[in-house]
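J.: Here it is, the structure in full.
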Amino acid sequence: MEEITGVVPTTSTPYSEFKNNLDKVVAIKGTIHNIRDMSDFAFILVRTARELIQCVYSPEFSDYRLNETVVEQAAAKVTGKVVKSETRDGSERYELQIHNIEILSSPAAIPPVVISKKQVTCELSVNLDNRPVTLRNPKERAIFKIQEGIQRGFREYLQSQNFTEIHSPKINFAGAEGGTNVFKLDYFGKTVYLAQSPQLYKQALVPVYERVFEIAPVFRAEHHDTSRHLNEYISMDFEMGFIDSFTDIMNMETGALKYIMNLLKMEYAPEVELLKVDIPEINTIPCVKFKDAKALCVKKLKNITDMKDFEPEEEAFLGKWAKQQFNSDFLFVTHYLSKKRPFYTMDDPEDPEVTLSFDLLFRGIEITSGGQRIHDYNEQVEKMKKMGMNPDEFETYLMLHKYGAPPHGGLGLGLERLTMHLLGFKNVRYATMFPRDINRVSP
RNA sequence: GGCCCUAUAGCUCAGUUUGGUUAGAGCGCCAGCCUGUCACGCUGGAGGUCGACGGUUCGAGCCCGUUUCGGGUCGCCA
């Protein structure tokens with residue numbers, strides 16, 4: 001066995017380590033991604049956790065002789081010397097002169113779709129059917145590395161702001177929020193429901209920890225068959241106490257988004273480059289009141305019928321407007337109508353028709369819903385009655401208010417939707433590793 | 001769920017004026033060649049119940065009906 005003289009690159013010390021090992025012998029473990037057989041030599045691209053490393057086989061310096069076991073998708077340990085690549089464009093790159101290849105595992109069949117090219121070219125449903133394989137493609141996996149960066153940024157920023165990370169139960173006895181449909185489940189003979197939001201739990205924890213957040217799946221039994229709906233998705237939620245105004249929540253979100261975008265630029269550069277991600281610049285995010293935004297839409301667009309909410313066309317228009325007017329990819333729309341918001345939303349004391357709530361539009365699509373919550377017990381009970389709900393059914397939830405809650409508020413952010421719009425996809429499923437929708441529960 | 005579109009090789013798609021012998025291409029796969037590729041290139045080869053069922057016709061990938069799968073769009077929302 002040849003002596004290893006260099007530092008072995010691992011998933012934590014990847015390709016960038018190469019230049020520190022120039023002319024030294026290292027061993028890398030990875031999957032054979034592509035083989036370009038030239039004449040009496042060959043290029044073998046090895047796929048490691050985050051990049052492709054070019055290895056060169058030639059009888060000149062390889063003790064090993066290529067054989068039929070060296071195939072795409074075989075797991076291998078490749079030993080060799082780190083040298084500078086000959087590149088046509090003169091860019092500085094390094095490669096491995098193969099001394100030896102040890103095959104660690106061999107595939108039983110060739111992949112059903114081509115994953116060794118730059119792009120996976122099959123259609124979405126075929127891609128999803130073959131997810132365990134198609135995700136191996138560098139561009140496909142970069143999507144979910146970016147998604148990891150988004151949730152990591154959300155977590156790190158909130159931790160820096162003294163938020164406590166929580167996990168609320170996903171199996172619940174009460175249907176809780178209502179409005180949208182919940183999945184029913186048999187639970188030892190009782191009917192229980194899958195959580196459609198951590199809302200009630202994160203509010204309950206405000207008097208405990210003051211600031212809490214959760215990144216977790218939520219379940220919606222909606223019969224929507226669209227390019228932006230999932231029946232299970234990752235919700236990034238936070239809730240904070242002792243706020244002076246619901247603008248505190250918007251400021252916190254602005255801070256989190258700034259942090260996330262910066263983190264992507266700094267630590268996810270290979271993926272950002274590979275996917276040509278257009279990372280938005282965020283300074284301050286402009287705000288517009290719902291009724292002003294609606295007036296603008298009515299003025300500029302035809303056939304506006306729903307005066308209580310926005311249609312997709314209106315959101316798209318407001319996105320363009322924010323870009324032109326404020327040079328912002330983001331736009332807060334505030335003071336939504338009381339009747340269109342959930343029962344826990346606080347009404348504006350100056351105008352009870354509207355709420356102290358907001359949505360965040362990103363490039364013309366809604367990604368967040370948030371606002372200030374009712375903290376006074378009697379006020380919450382009254383609002384429930386007004387909305388035709390029975391407060392007795394919400395006894396556990398109302399313990400929050402009954403035994404004292406500070407002024408508070410929070411928001412929920414759909415991780416897949418944010419990923420989708422950041423990467424410019426037309427379908428949320430491209431930004432979902434294993435989507436669960438009305439027709440798909442596998443793989 | 002409503003409306004519109006589609007289904008041909010493992011994948012992505014052609015299949016023509018008017019239905020007519022053995023249904024084509026690119027990628028992938030297999031074999032051979034190529035001294036630096038980087039979506040390598042070149043030559044050759046294998047690979048098809050034309051989604052399924054029924055109908056019209058001397059004859060259907062093509063026309064008609066039914067059905068299933070897939071895509072788009074709308075209801076709602078993150």
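Chains: A, B, ... in order of the structure tokens. Residues: from 1 per chain. Ligands: from 1, in order shown.
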Please, which residues of chain A lie no more than 7 Å from chain B when the count uses only C-alpha atoms (C1' of nucleotides), and can they be set out as a ChimeraX atom specification?
T.: /A:36,38-39,43,86,112-114,117-118,121-122,367-368,413-414
J.: Write out as a ChimeraX atom specification all residues of segment 48-267 of chain A that DSSP puts in alpha helix (DSSP H) for this structure's backbone.
T.: /A:124-129,131-134,138-160,199-204,206-209,247-267
J.: Excluding same-chain residues fewer than 4 positions from A52 of chain B, what lies within 12 Å of it counting only C-alpha atoms (C1' of nucleotides), as a PyMOL selection string?
T.: chain B and resi 7+66-69
J.: Please write the residues from the selection above to a file, keeping N, CA, C and O atoms (P, O5', C5', C4', C3', O3' and C1' of nucleotides), as a short mmCIF file (atom, residue, chain, number, x, y, z; two decimals), in the first residue's frame.
T.:
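Final file, selection_19.cif:
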data_model
loop_
_atom_site.label_atom_id
_atom_site.label_comp_id
_atom_site.auth_asym_id
_atom_site.auth_seq_id
_atom_site.Cartn_x
_atom_site.Cartn_y
_atom_site.Cartn_z
P A B 7 -49.48 12.93 -27.68
"O5'" A B 7 -49.10 11.88 -26.55
"C5'" A B 7 -47.81 11.92 -25.92
"C4'" A B 7 -47.76 10.89 -24.80
"C3'" A B 7 -47.73 9.43 -25.27
"O3'" A B 7 -46.99 8.64 -24.32
"C1'" A B 7 -49.64 9.79 -23.95
P U B 66 -66.42 9.49 -25.07
"O5'" U B 66 -66.05 8.20 -24.19
"C5'" U B 66 -67.07 7.37 -23.67
"C4'" U B 66 -66.47 6.11 -23.08
"C3'" U B 66 -65.46 6.33 -21.97
"O3'" U B 66 -66.08 6.59 -20.72
"C1'" U B 66 -64.60 4.74 -23.49
P U B 67 -65.35 7.57 -19.65
"O5'" U B 67 -64.10 6.71 -19.18
"C5'" U B 67 -64.27 5.49 -18.46
"C4'" U B 67 -62.96 4.75 -18.38
"C3'" U B 67 -61.83 5.51 -17.70
"O3'" U B 67 -61.90 5.42 -16.29
"C1'" U B 67 -61.03 4.55 -19.72
P U B 68 -61.25 6.59 -15.37
"O5'" U B 68 -59.69 6.30 -15.41
"C5'" U B 68 -59.16 5.14 -14.76
"C4'" U B 68 -57.72 4.94 -15.17
"C3'" U B 68 -56.79 6.11 -14.86
"O3'" U B 68 -56.36 6.12 -13.52
"C1'" U B 68 -56.40 5.36 -17.07
P C B 69 -55.96 7.53 -12.82
"O5'" C B 69 -54.53 7.86 -13.45
"C5'" C B 69 -53.39 7.05 -13.16
"C4'" C B 69 -52.26 7.39 -14.09
"C3'" C B 69 -51.80 8.84 -14.07
"O3'" C B 69 -50.99 9.16 -12.96
"C1'" C B 69 -52.00 8.14 -16.30
#
J.: Just asking: which residues within segment 2-170 of chain A are strand (DSSP E or B) according to DSSP, as an NGL selection string?
T.: :A and (22 or 25-37 or 42-47 or 52-57 or 75-84 or 94-105 or 164-165)
J.: So the first atom is atom CA of Asp278 of chain A and the second is atom CA of Leu423 of chain A; what is the distance between them in Å, to one decimal place?
T.: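 Interatomic distance here is 7.4 Å.
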J.: Find the spatial neighbours of Asn130 of chain A, counting only C-alpha atoms (C1' of nucleotides), within a cut-off of 12 Å - ignore same-chain residues fewer than 5 positions away - and output them as a VMD selection string.
T.: (chain A and resid 111 to 115 120 122 to 125 135 to 137 433 to 434 442 to 443) or (chain B and resid 11)
J.: Quick one: residues within 12 Å of Ala109 of chain A, only C-alpha atoms (C1' of nucleotides), excluding same-chain residues fewer than 6 positions away - as a ChimeraX atom specification?
T.: /A:71-74,133 /B:10,29
J.: Which residue gives the smallest distance to Leu360 of chain A among A:Ile150, A:Val56, A:Val78, A:Leu257, with only C-alpha atoms counted?
T.: A:Leu257
J.: Between atom CA of Ser62 of chain A and atom CA of Tyr94 of chain A, what is the distance in Å, rounded to a tenth?
T.: 17.3 Å
J.: One number please: atom CA of Cys55 of chain A to atom CA of Thr87 of chain A, in Å, one decimal.
T.: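 Taking atom CA of Cys55 of chain A and atom CA of Thr87 of chain A, their separation equals 13.7 Å.
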J.: Ranking A:Gly388, A:Gly412, A:Gly241, A:Gly189 by minimum distance to Phe163 of chain A and counting only C-alpha atoms, which one comes first?
T.: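 Closest candidate: A:Gly241.
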